[in-house]
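Comments concern the structure below.
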Amino acid sequence: MPSRRTKIVATLGPSSSSPQVLEQLILAGMNVARLNFSHGTPDEHKARAKLVRELAAKHDRHVALLGDLQGPKIRIAKFANKRIELQEGDAFRFSISHPRDAGTQEVVGIDYPDLVKDCRVGDELLLDDGRVIMVVDQVTATELLCSVLVGGPLSDHKGINRRGGGLTAPALTDKDKADIKLAAEMELDYLAVSFPRDAADMEYARRLRDEAGSDAWLVAKIERAEAVADDEALDGLIRASDGVMVARGDLGVEIGDAELVGIQKKIIAHARRLNKFVITATQMMESMIHSPMPTRAEVSDVANAALDYTDAVMLSAESAAGDYPVEAVKAMARVCVGAEKHPTSQKSSHRMGRSFERCDESIALAAMYTANHFPGVKAIIALTESGYTPLIMSRIRSSVPIFAYSPHRATQARVAMFRGVQTIPFDAAALPAEQVSQAAVNELLKRGVVEPGDWVIMSKGDSYDTIGGTNTLKILHVGEPLA
Ligand code: G6P
Ligand code: MG
């Protein structure tokens with residue numbers, strides 16, 4: 001059994017689509033495979049998903065699949081010669097009427113007509129994740145006239161952000177709506193929504209997901225300045241989602257790199273406090289795109305996210321398009337394990353002095369309090385239908401492993417996202433009630449997780465298949481006859 005608690009999300013792409021590489025990624029510890037709907041065709045995504053599920057099953061691993069919607073990223077159109085080079089002080093225009101494939105040294109088309117309505121004189125525009133910066137000098141009915149503040153190369157389809165955020169494209173495009181149907185067809189476990197502005201965007205995504213017949217849990221990517229403008233906005237977005245992603249690429253461009261680290265820590269803390277999971281993403285091991293070793297700064301970045309108790313750390317281009325996808329997963333895995341040895345990773349002050357909201361939450365948190373204060377406890381078993389009980393448990397810092405016991409494939413995969421949670425396929429409803437405890441403990445004995453004399457905590461409900469039904473906490477002494 002792997003002892004790492006922090007989970008690894010790895011983006012799949014050209015570097016990681018062969019069965020050989022996928023198999024190695026799974027063995028190296030990929031817990032969640034991310035399919036990026038901004039790139040690739042439906043058939044490519046389907047083929048990757050099928051391989052991941054087959055190879056995970058072959059090795060008795062449980063890997064969740066996350067589909068990441070492209071969202072309304074605002075992009076420039078194309079240049080006649082693919083790319084231009086801008087110098088500080090150059091004049092440049094964005095035009096909603098200029099031909100889409102004929103950008104020049106002076107002007108480029110833009111696919112988002114509202115840009116001219118949304119921008120004001122004095123706004124700063126950031127192109128290509130902030131590599132080129134311009135200021136708006138004049139706004140006409142069809143064009144933004146700008147001067148270049150920081151020059152550099154600019155090529156086809158590069159993204160455009162405004163400093164401070166506020167470009168108001170709706171969060172779900174027609175392509176996203178089609179991809180939500182694709183996600184339902186592929187039975188994806190998670191669906192990430194790009195650039196949501198507020199809770200309403202997530203509620204809309206949830207409706208579309210339901211209509212498509214998917215039960216994927218929804219991840220809000222926190223990547224707009226508005227989303228982190230104040231606690232109310234951030235918490236509203238978190239509450240409307242099942243989990244969040246600190247999407248540092250666009251977020252860093254909009255709020256500036258100086259604010260980013262503090263905001264990352266705040267998002268992690270708020271998500272956990274609100275009983276949601278959190279993924280820390282973007283450029284975590286960026287240099288490993290071309291190098292087999294991470295830099296000290298990257299090691300520190302991953303370790304700090306683990307110390308702050310993120311559920312998962314994520315690889316983007318490192319695993320999708322880099323030269324060392326497997327090494328990148330291995331490096332993340334070892335850095336997380338190292339960070340988890342630090343005592344702050346094992347102590348909790350979650351909800352100290354606050355009240356619980358639900359019966360199952362009370363049981364889940366009582367289980368964790370017991371596990372952290374009764375040294376004989378070596379494992380926690382949560383019988384779960386949807387994965388909710390182990391999710392709540394894993395909001396508490398602990399070094400005791402949590403085992404999600406479920407008969408459902410989707411739940412077994414889903415819990416791969418949660419910090420400190422592993423799954424064991426188990427159908428309690430198929431057993432006589434008086435045999436459930438012993439059968440459950442036997443699974444841990446079989447795997448060498450516990451031995452006679454250890455204590456195990458188990459949570460369950462009165463009936464064996466009710467979401468939210470957890471109302472019982474048992475403390476079992478391994479080796480004694482259990483009922
Ligand atoms: C399993 C148990 C039930 C419990 C349920 C909780 O089905 O056998 O006794 O009520 O899980 O599921 P949840 O999705 O809320 O974690
Ligand atoms: Mg983004």
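Chain lettering (A, B, ...) mirrors the order of the structure tokens, residue numbering begins at 1 for each chain separately, and ligand numbering begins at 1 in order of display.
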Practice task
Kindly work out which residues sit at most 9 Å from ligand 1, using only C-alpha atoms and all ligand atoms, and give the list as a VMD selection string.
Solution key: chain A and resid 360 382 to 392 404 to 407 411 427 to 429 459 to 472
Exercise for the section: Could you report the residues within 8 Å of ligand 2, using only C-alpha atoms and all ligand atoms, as a count of residues only? Expected result: 10
Problem - Neighbour list for Ala227 (chain A) as a ChimeraX atom specification, cut-off 8 Å, only C-alpha atoms, skip fewer than 3 positions in-chain - result: /A:196-198,222-224,230,233-234,237
Dump N, CA and C atoms for the selected residues as a PDB file, in the first residue's frame?
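Below is the file that was written, part38.pdb:
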```pdb
ATOM      1  N   PRO A 196     -14.900  30.234 -13.889  1.00  0.00           N
ATOM      2  CA  PRO A 196     -16.201  30.596 -13.315  1.00  0.00           C
ATOM      3  C   PRO A 196     -16.067  31.932 -12.579  1.00  0.00           C
ATOM      4  N   ARG A 197     -17.108  32.773 -12.716  1.00  0.00           N
ATOM      5  CA  ARG A 197     -17.072  34.090 -12.051  1.00  0.00           C
ATOM      6  C   ARG A 197     -17.643  33.997 -10.658  1.00  0.00           C
ATOM      7  N   ASP A 198     -18.668  33.161 -10.499  1.00  0.00           N
ATOM      8  CA  ASP A 198     -19.372  33.121  -9.213  1.00  0.00           C
ATOM      9  C   ASP A 198     -20.153  31.826  -9.108  1.00  0.00           C
ATOM     10  N   ILE A 222     -10.149  28.291  -9.804  1.00  0.00           N
ATOM     11  CA  ILE A 222     -10.078  29.665  -9.298  1.00  0.00           C
ATOM     12  C   ILE A 222      -8.996  30.352 -10.118  1.00  0.00           C
ATOM     13  N   GLU A 223      -9.416  31.176 -11.094  1.00  0.00           N
ATOM     14  CA  GLU A 223      -8.427  31.778 -11.990  1.00  0.00           C
ATOM     15  C   GLU A 223      -8.811  33.172 -12.458  1.00  0.00           C
ATOM     16  N   ARG A 224      -9.809  33.766 -11.817  1.00  0.00           N
ATOM     17  CA  ARG A 224     -10.154  35.145 -12.143  1.00  0.00           C
ATOM     18  C   ARG A 224      -9.944  36.006 -10.907  1.00  0.00           C
ATOM     19  N   ASP A 230     -12.779  39.055  -2.569  1.00  0.00           N
ATOM     20  CA  ASP A 230     -13.035  39.086  -1.128  1.00  0.00           C
ATOM     21  C   ASP A 230     -13.497  37.703  -0.677  1.00  0.00           C
ATOM     22  N   ALA A 233     -16.885  36.328  -2.125  1.00  0.00           N
ATOM     23  CA  ALA A 233     -16.847  35.823  -3.496  1.00  0.00           C
ATOM     24  C   ALA A 233     -16.189  34.443  -3.527  1.00  0.00           C
ATOM     25  N   LEU A 234     -15.054  34.328  -2.848  1.00  0.00           N
ATOM     26  CA  LEU A 234     -14.326  33.058  -2.861  1.00  0.00           C
ATOM     27  C   LEU A 234     -15.158  31.939  -2.225  1.00  0.00           C
ATOM     28  N   LEU A 237     -18.095  30.719  -4.350  1.00  0.00           N
ATOM     29  CA  LEU A 237     -17.668  29.840  -5.438  1.00  0.00           C
ATOM     30  C   LEU A 237     -17.320  28.443  -4.895  1.00  0.00           C
TER      31      LEU A 237
END
```
Practice task
Name all residues at most 12 Å from Arg5 (chain A) (count only C-alpha atoms; drop same-chain ones fewer than 2 positions away) and give them as a ChimeraX atom specification.
Solution key: /A:1-3,7-8,29,31,306-307,309-313,332-341,345-346,394,397-403,415-422
Can you pull out the residues contacting Asp179 (chain A)? Cut-off 10 Å, using only C-alpha atoms, and skip same-chain residues under 5 positions away; I want them as a tab-separated table (two decimals) with N, CA, C and O atoms, in the first residue's frame.
```
chain	number	residue	atom	x	y	z
A	37	PHE	N	-9.55	19.38	-22.28
A	37	PHE	CA	-10.40	19.54	-23.46
A	37	PHE	C	-10.03	20.76	-24.31
A	37	PHE	O	-10.66	21.01	-25.32
A	42	PRO	N	-12.17	14.33	-29.31
A	42	PRO	CA	-12.92	13.39	-28.46
A	42	PRO	C	-12.37	11.97	-28.56
A	42	PRO	O	-12.27	11.28	-27.54
A	67	GLY	N	-12.03	15.62	-16.48
A	67	GLY	CA	-12.11	16.36	-17.75
A	67	GLY	C	-12.07	17.84	-17.45
A	67	GLY	O	-12.79	18.31	-16.58
A	68	ASP	N	-11.19	18.55	-18.13
A	68	ASP	CA	-11.02	19.99	-17.86
A	68	ASP	C	-11.56	20.78	-19.04
A	68	ASP	O	-11.00	20.75	-20.14
A	69	LEU	N	-12.68	21.47	-18.81
A	69	LEU	CA	-13.32	22.23	-19.89
A	69	LEU	C	-12.45	23.42	-20.31
A	69	LEU	O	-11.82	24.05	-19.46
A	70	GLN	N	-12.47	23.73	-21.59
A	70	GLN	CA	-11.63	24.83	-22.08
A	70	GLN	C	-12.07	26.17	-21.52
A	70	GLN	O	-11.25	26.98	-21.13
A	173	THR	N	-18.93	27.84	-22.84
A	173	THR	CA	-19.07	28.08	-24.28
A	173	THR	C	-19.82	26.90	-24.91
A	173	THR	O	-20.08	25.89	-24.25
A	174	ASP	N	-20.13	27.03	-26.20
A	174	ASP	CA	-20.79	25.92	-26.90
A	174	ASP	C	-19.90	24.68	-26.89
A	174	ASP	O	-20.38	23.56	-26.75
A	184	ALA	N	-20.07	12.95	-19.92
A	184	ALA	CA	-21.11	12.02	-19.46
A	184	ALA	C	-20.95	10.69	-20.17
A	184	ALA	O	-20.99	9.62	-19.55
A	185	GLU	N	-20.72	10.76	-21.47
A	185	GLU	CA	-20.56	9.53	-22.26
A	185	GLU	C	-19.35	8.72	-21.76
A	185	GLU	O	-19.39	7.50	-21.69
A	191	LEU	N	-15.23	16.95	-13.36
A	191	LEU	CA	-15.33	17.90	-14.46
A	191	LEU	C	-14.88	19.26	-13.91
A	191	LEU	O	-15.46	19.75	-12.93
```
Problem - Atomic distance CA of Met186 (chain A) - CA of Ala240 (chain A), expressed in Å with one decimal - result: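 Going from CA of Met186 (chain A) over to CA of Ala240 (chain A), I get 23.7 Å.
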Exercise for the section: Just the residues within 7 Å of Ile180 (chain A), please, counting only C-alpha atoms, with nothing from its chain fewer than 4 positions along; format it as a VMD selection string. Expected result: chain A and resid 176 184 209 212
